[in-house]
Amino acid sequence: MRESADRLTQAIGYEFHNSGLIDVALTHRSAGSINNERYEFLGDAILGFVIADELFNTFPEANEGELSRLRAGLVKRDSLAEIARGLELGKYLNLGPGELRSGGESRSSILADAVEALIASVYLDSGYNESRQLILRLFNQKLSNLSINSQLKDPKTRLQEYLQAKKMQLPKYSIVTTTGVQHKRTFTVCCYIDELNLETLGTGSSRRNAEQNAAEMLLESIEK
């Protein structure tokens, strides 16, 4: 039996006017037709905007690509799941029998979705300002420790470090096509990882740029 959400509301620093909203936010689709799927959708959008706004103001010199990578690192599933575990969110979830038996309360995807749903429930209860304050509280440590120099490694480096951490083989790059005149060429490069059966194509004005673009697209595929 799941625990009462009272301690959770204390942990997130917000008291609900309508307690039914947090009940929905904590209910997985396996537990019934009234669940948090729609809340996840709304919470994801609110989270993305708040983090984008915070990064825009915190890093005025960063370009669009750099800001996008910073945001992606903050709102990705593993980051949200880490926040959920810090809140011990799993023990408050309402899961169906199958998910309970398979340990759904500790599954990263379920925990990450629940964080997004929780954000939406606060928005529905009190509006944007309260949901923004919740997000800033939840992400306070991550935002405080954020370093643009360490976070914005080039895609090939980040992909290599990710695979090394997973003890997997490094990606392979190969030129697919080269078009254009000698001083204005466009390269298309394939980046592929045998163990994951994944490959992406990247284009650029040099082989290096094409490889970076292919690596970035492959990283996005892994994160999705």
# chains A, B, ... in the order shown; residues from 1 in each chain; ligands from 1
$ select_by_dssp --residues "chain A" --states "strand (DSSP E)" --output "MDAnalysis selection string"
chainID A and resid 172:179 186:193 198:204
$ select_by_dssp --residues "segment 74-218 of chain A" --states "alpha helix (DSSP H)" --output "PyMOL selection string"
chain A and resi 74-75+77-86+97-101+108-126+128-138+140-144+148-151+155-165+207-218
$ atom_distance --atom1 "atom CA of Arg85 of chain A" --atom2 "atom CA of Leu111 of chain A"
7.7 Å
$ residues_around --residues "Gln133 of chain A" --least-positions-apart "6" --cutoff "10 Å" --atoms "only C-alpha atoms" --output "list of chain:residue names"
A:Gly13, A:Tyr14, A:Val50, A:Ile119, A:Val122, A:Phe139
$ write_last_selection --atoms "N, CA and C atoms" --output "compact mmCIF listing (two decimals), in the first residue's frame"
# COMPACT_ATOMS: atom_id res chain seq x y z
N GLY A 13 7.55 21.35 -0.64
CA GLY A 13 7.27 22.71 -0.17
C GLY A 13 6.02 23.32 -0.76
N TYR A 14 5.00 22.49 -0.98
CA TYR A 14 3.76 23.02 -1.54
C TYR A 14 2.56 22.28 -0.94
N VAL A 50 10.29 26.64 -18.28
CA VAL A 50 10.91 27.24 -17.09
C VAL A 50 12.43 27.06 -17.12
N ILE A 119 4.55 18.42 -11.42
CA ILE A 119 4.66 19.83 -11.81
C ILE A 119 3.34 20.33 -12.38
N VAL A 122 0.64 21.00 -9.67
CA VAL A 122 0.81 22.28 -8.97
C VAL A 122 0.34 23.43 -9.87
N PHE A 139 15.17 21.74 -8.95
CA PHE A 139 16.38 21.77 -9.76
C PHE A 139 17.46 22.69 -9.19
$ residues_around --residues "Thr188 of chain A" --least-positions-apart "3" --cutoff "8 Å" --atoms "only C-alpha atoms" --output "ChimeraX atom specification"
/A:175-178,201-204,207,210
$ write_last_selection --atoms "N, CA, C and O atoms" --output "PDB file, in the first residue's frame"
ATOM      1  N   ILE A 175      32.428   8.182 -44.173  1.00  0.00           N
ATOM      2  CA  ILE A 175      31.891   9.144 -45.129  1.00  0.00           C
ATOM      3  C   ILE A 175      30.953   8.430 -46.092  1.00  0.00           C
ATOM      4  O   ILE A 175      31.304   7.400 -46.682  1.00  0.00           O
ATOM      5  N   VAL A 176      29.749   8.965 -46.225  1.00  0.00           N
ATOM      6  CA  VAL A 176      28.757   8.387 -47.136  1.00  0.00           C
ATOM      7  C   VAL A 176      28.853   9.053 -48.499  1.00  0.00           C
ATOM      8  O   VAL A 176      28.945   8.383 -49.528  1.00  0.00           O
ATOM      9  N   THR A 177      28.839  10.388 -48.513  1.00  0.00           N
ATOM     10  CA  THR A 177      28.965  11.123 -49.776  1.00  0.00           C
ATOM     11  C   THR A 177      29.752  12.408 -49.554  1.00  0.00           C
ATOM     12  O   THR A 177      29.811  12.946 -48.444  1.00  0.00           O
ATOM     13  N   THR A 178      30.349  12.883 -50.620  1.00  0.00           N
ATOM     14  CA  THR A 178      30.989  14.200 -50.652  1.00  0.00           C
ATOM     15  C   THR A 178      30.524  14.897 -51.921  1.00  0.00           C
ATOM     16  O   THR A 178      30.717  14.380 -53.017  1.00  0.00           O
ATOM     17  N   LEU A 201      22.888   9.941 -39.737  1.00  0.00           N
ATOM     18  CA  LEU A 201      23.636  10.645 -40.764  1.00  0.00           C
ATOM     19  C   LEU A 201      23.746  12.114 -40.383  1.00  0.00           C
ATOM     20  O   LEU A 201      22.777  12.728 -39.944  1.00  0.00           O
ATOM     21  N   GLY A 202      24.932  12.673 -40.565  1.00  0.00           N
ATOM     22  CA  GLY A 202      25.148  14.087 -40.306  1.00  0.00           C
ATOM     23  C   GLY A 202      25.828  14.731 -41.499  1.00  0.00           C
ATOM     24  O   GLY A 202      26.613  14.085 -42.193  1.00  0.00           O
ATOM     25  N   THR A 203      25.506  15.980 -41.767  1.00  0.00           N
ATOM     26  CA  THR A 203      26.132  16.707 -42.869  1.00  0.00           C
ATOM     27  C   THR A 203      26.876  17.925 -42.337  1.00  0.00           C
ATOM     28  O   THR A 203      26.543  18.454 -41.273  1.00  0.00           O
ATOM     29  N   GLY A 204      27.884  18.376 -43.091  1.00  0.00           N
ATOM     30  CA  GLY A 204      28.642  19.549 -42.690  1.00  0.00           C
ATOM     31  C   GLY A 204      29.588  19.985 -43.778  1.00  0.00           C
ATOM     32  O   GLY A 204      29.810  19.262 -44.765  1.00  0.00           O
ATOM     33  N   ARG A 207      34.489  17.224 -42.857  1.00  0.00           N
ATOM     34  CA  ARG A 207      34.230  15.895 -42.298  1.00  0.00           C
ATOM     35  C   ARG A 207      34.017  15.986 -40.786  1.00  0.00           C
ATOM     36  O   ARG A 207      33.127  15.327 -40.245  1.00  0.00           O
ATOM     37  N   ALA A 210      30.544  17.256 -39.984  1.00  0.00           N
ATOM     38  CA  ALA A 210      29.555  16.222 -40.286  1.00  0.00           C
ATOM     39  C   ALA A 210      29.555  15.144 -39.203  1.00  0.00           C
ATOM     40  O   ALA A 210      28.497  14.650 -38.794  1.00  0.00           O
TER      41      ALA A 210
END
$ closest_residue --among "A:Gln169, A:Ser126, A:Ser206, A:Ser102" --to "Asp194 of chain A" --atoms "only C-alpha atoms"
A:Gln169
$ residues_around --residues "Ile46 of chain A" --least-positions-apart "6" --cutoff "10 Å" --atoms "only C-alpha atoms" --output "list in words"
Glu40, Ala52, Glu116, Ile119, Ala120, Tyr123, Tyr128, Ser131, Arg132 and Ile135 of chain A
$ closest_residue --among "A:Ile51, A:Leu118, A:Leu8, A:Leu70" --to "Tyr92 of chain A" --atoms "only C-alpha atoms"
A:Leu8
$ residues_around --residues "Gly32 of chain A" --least-positions-apart "5" --cutoff "12 Å" --atoms "only C-alpha atoms" --output "PDB file with N, CA and C atoms, in the first residue's frame"
ATOM      1  N   VAL A  24      -4.081  12.271  -8.791  1.00  0.00           N
ATOM      2  CA  VAL A  24      -3.993  11.927 -10.216  1.00  0.00           C
ATOM      3  C   VAL A  24      -2.539  11.920 -10.675  1.00  0.00           C
ATOM      4  N   LEU A  26       0.039  11.137  -9.153  1.00  0.00           N
ATOM      5  CA  LEU A  26       0.779   9.988  -8.635  1.00  0.00           C
ATOM      6  C   LEU A  26       0.207   8.655  -9.086  1.00  0.00           C
ATOM      7  N   THR A  27      -0.789   8.692  -9.963  1.00  0.00           N
ATOM      8  CA  THR A  27      -1.439   7.463 -10.422  1.00  0.00           C
ATOM      9  C   THR A  27      -0.950   7.081 -11.810  1.00  0.00           C
ATOM     10  N   GLU A  37      -1.156  10.487 -17.299  1.00  0.00           N
ATOM     11  CA  GLU A  37      -0.581  10.653 -18.632  1.00  0.00           C
ATOM     12  C   GLU A  37      -0.766  12.066 -19.184  1.00  0.00           C
ATOM     13  N   ASN A  94       0.756   5.282  -7.178  1.00  0.00           N
ATOM     14  CA  ASN A  94      -0.341   4.327  -7.265  1.00  0.00           C
ATOM     15  C   ASN A  94      -0.138   3.533  -8.550  1.00  0.00           C
ATOM     16  N   LEU A  95       0.301   2.283  -8.399  1.00  0.00           N
ATOM     17  CA  LEU A  95       0.619   1.429  -9.538  1.00  0.00           C
ATOM     18  C   LEU A  95      -0.307   0.229  -9.599  1.00  0.00           C
ATOM     19  N   GLY A  96      -0.508  -0.292 -10.814  1.00  0.00           N
ATOM     20  CA  GLY A  96      -1.279  -1.506 -10.977  1.00  0.00           C
ATOM     21  C   GLY A  96      -0.517  -2.718 -10.470  1.00  0.00           C
ATOM     22  N   PRO A  97      -1.209  -3.840 -10.287  1.00  0.00           N
ATOM     23  CA  PRO A  97      -0.566  -5.054  -9.738  1.00  0.00           C
ATOM     24  C   PRO A  97       0.659  -5.503 -10.531  1.00  0.00           C
TER      25      PRO A  97
END
$ closest_residue --among "A:Thr58, A:Asn63, A:Ser174, A:Gln164" --to "Ser144 of chain A" --atoms "only C-alpha atoms"
A:Thr58
$ closest_residue --among "A:Ile193, A:Ser221, A:Phe187, A:Asn18" --to "Ser205 of chain A" --atoms "only C-alpha atoms"
A:Phe187
$ residues_around --residues "Ser106 of chain A" --least-positions-apart "2" --cutoff "9 Å" --atoms "only C-alpha atoms" --output "PyMOL selection string"
chain A and resi 81+85+89-91+103-104+108-111
$ write_last_selection --atoms "C-alpha atoms" --output "JSON list (two decimals), in the first residue's frame"
[["chain", "number", "residue", "atom", "x", "y", "z"],
["A", 81, "ALA", "CA", 14.42, 10.14, -12.05],
["A", 85, "ARG", "CA", 14.48, 9.30, -5.94],
["A", 89, "LEU", "CA", 8.58, 9.52, -4.97],
["A", 90, "GLY", "CA", 8.28, 5.82, -5.73],
["A", 91, "LYS", "CA", 6.63, 4.97, -2.43],
["A", 103, "GLY", "CA", 9.29, -3.04, -9.36],
["A", 104, "GLY", "CA", 7.71, -0.15, -11.23],
["A", 108, "SER", "CA", 13.35, 5.56, -14.13],
["A", 109, "SER", "CA", 10.74, 6.12, -16.83],
["A", 110, "ILE", "CA", 7.84, 5.93, -14.36],
["A", 111, "LEU", "CA", 9.60, 8.15, -11.83]]
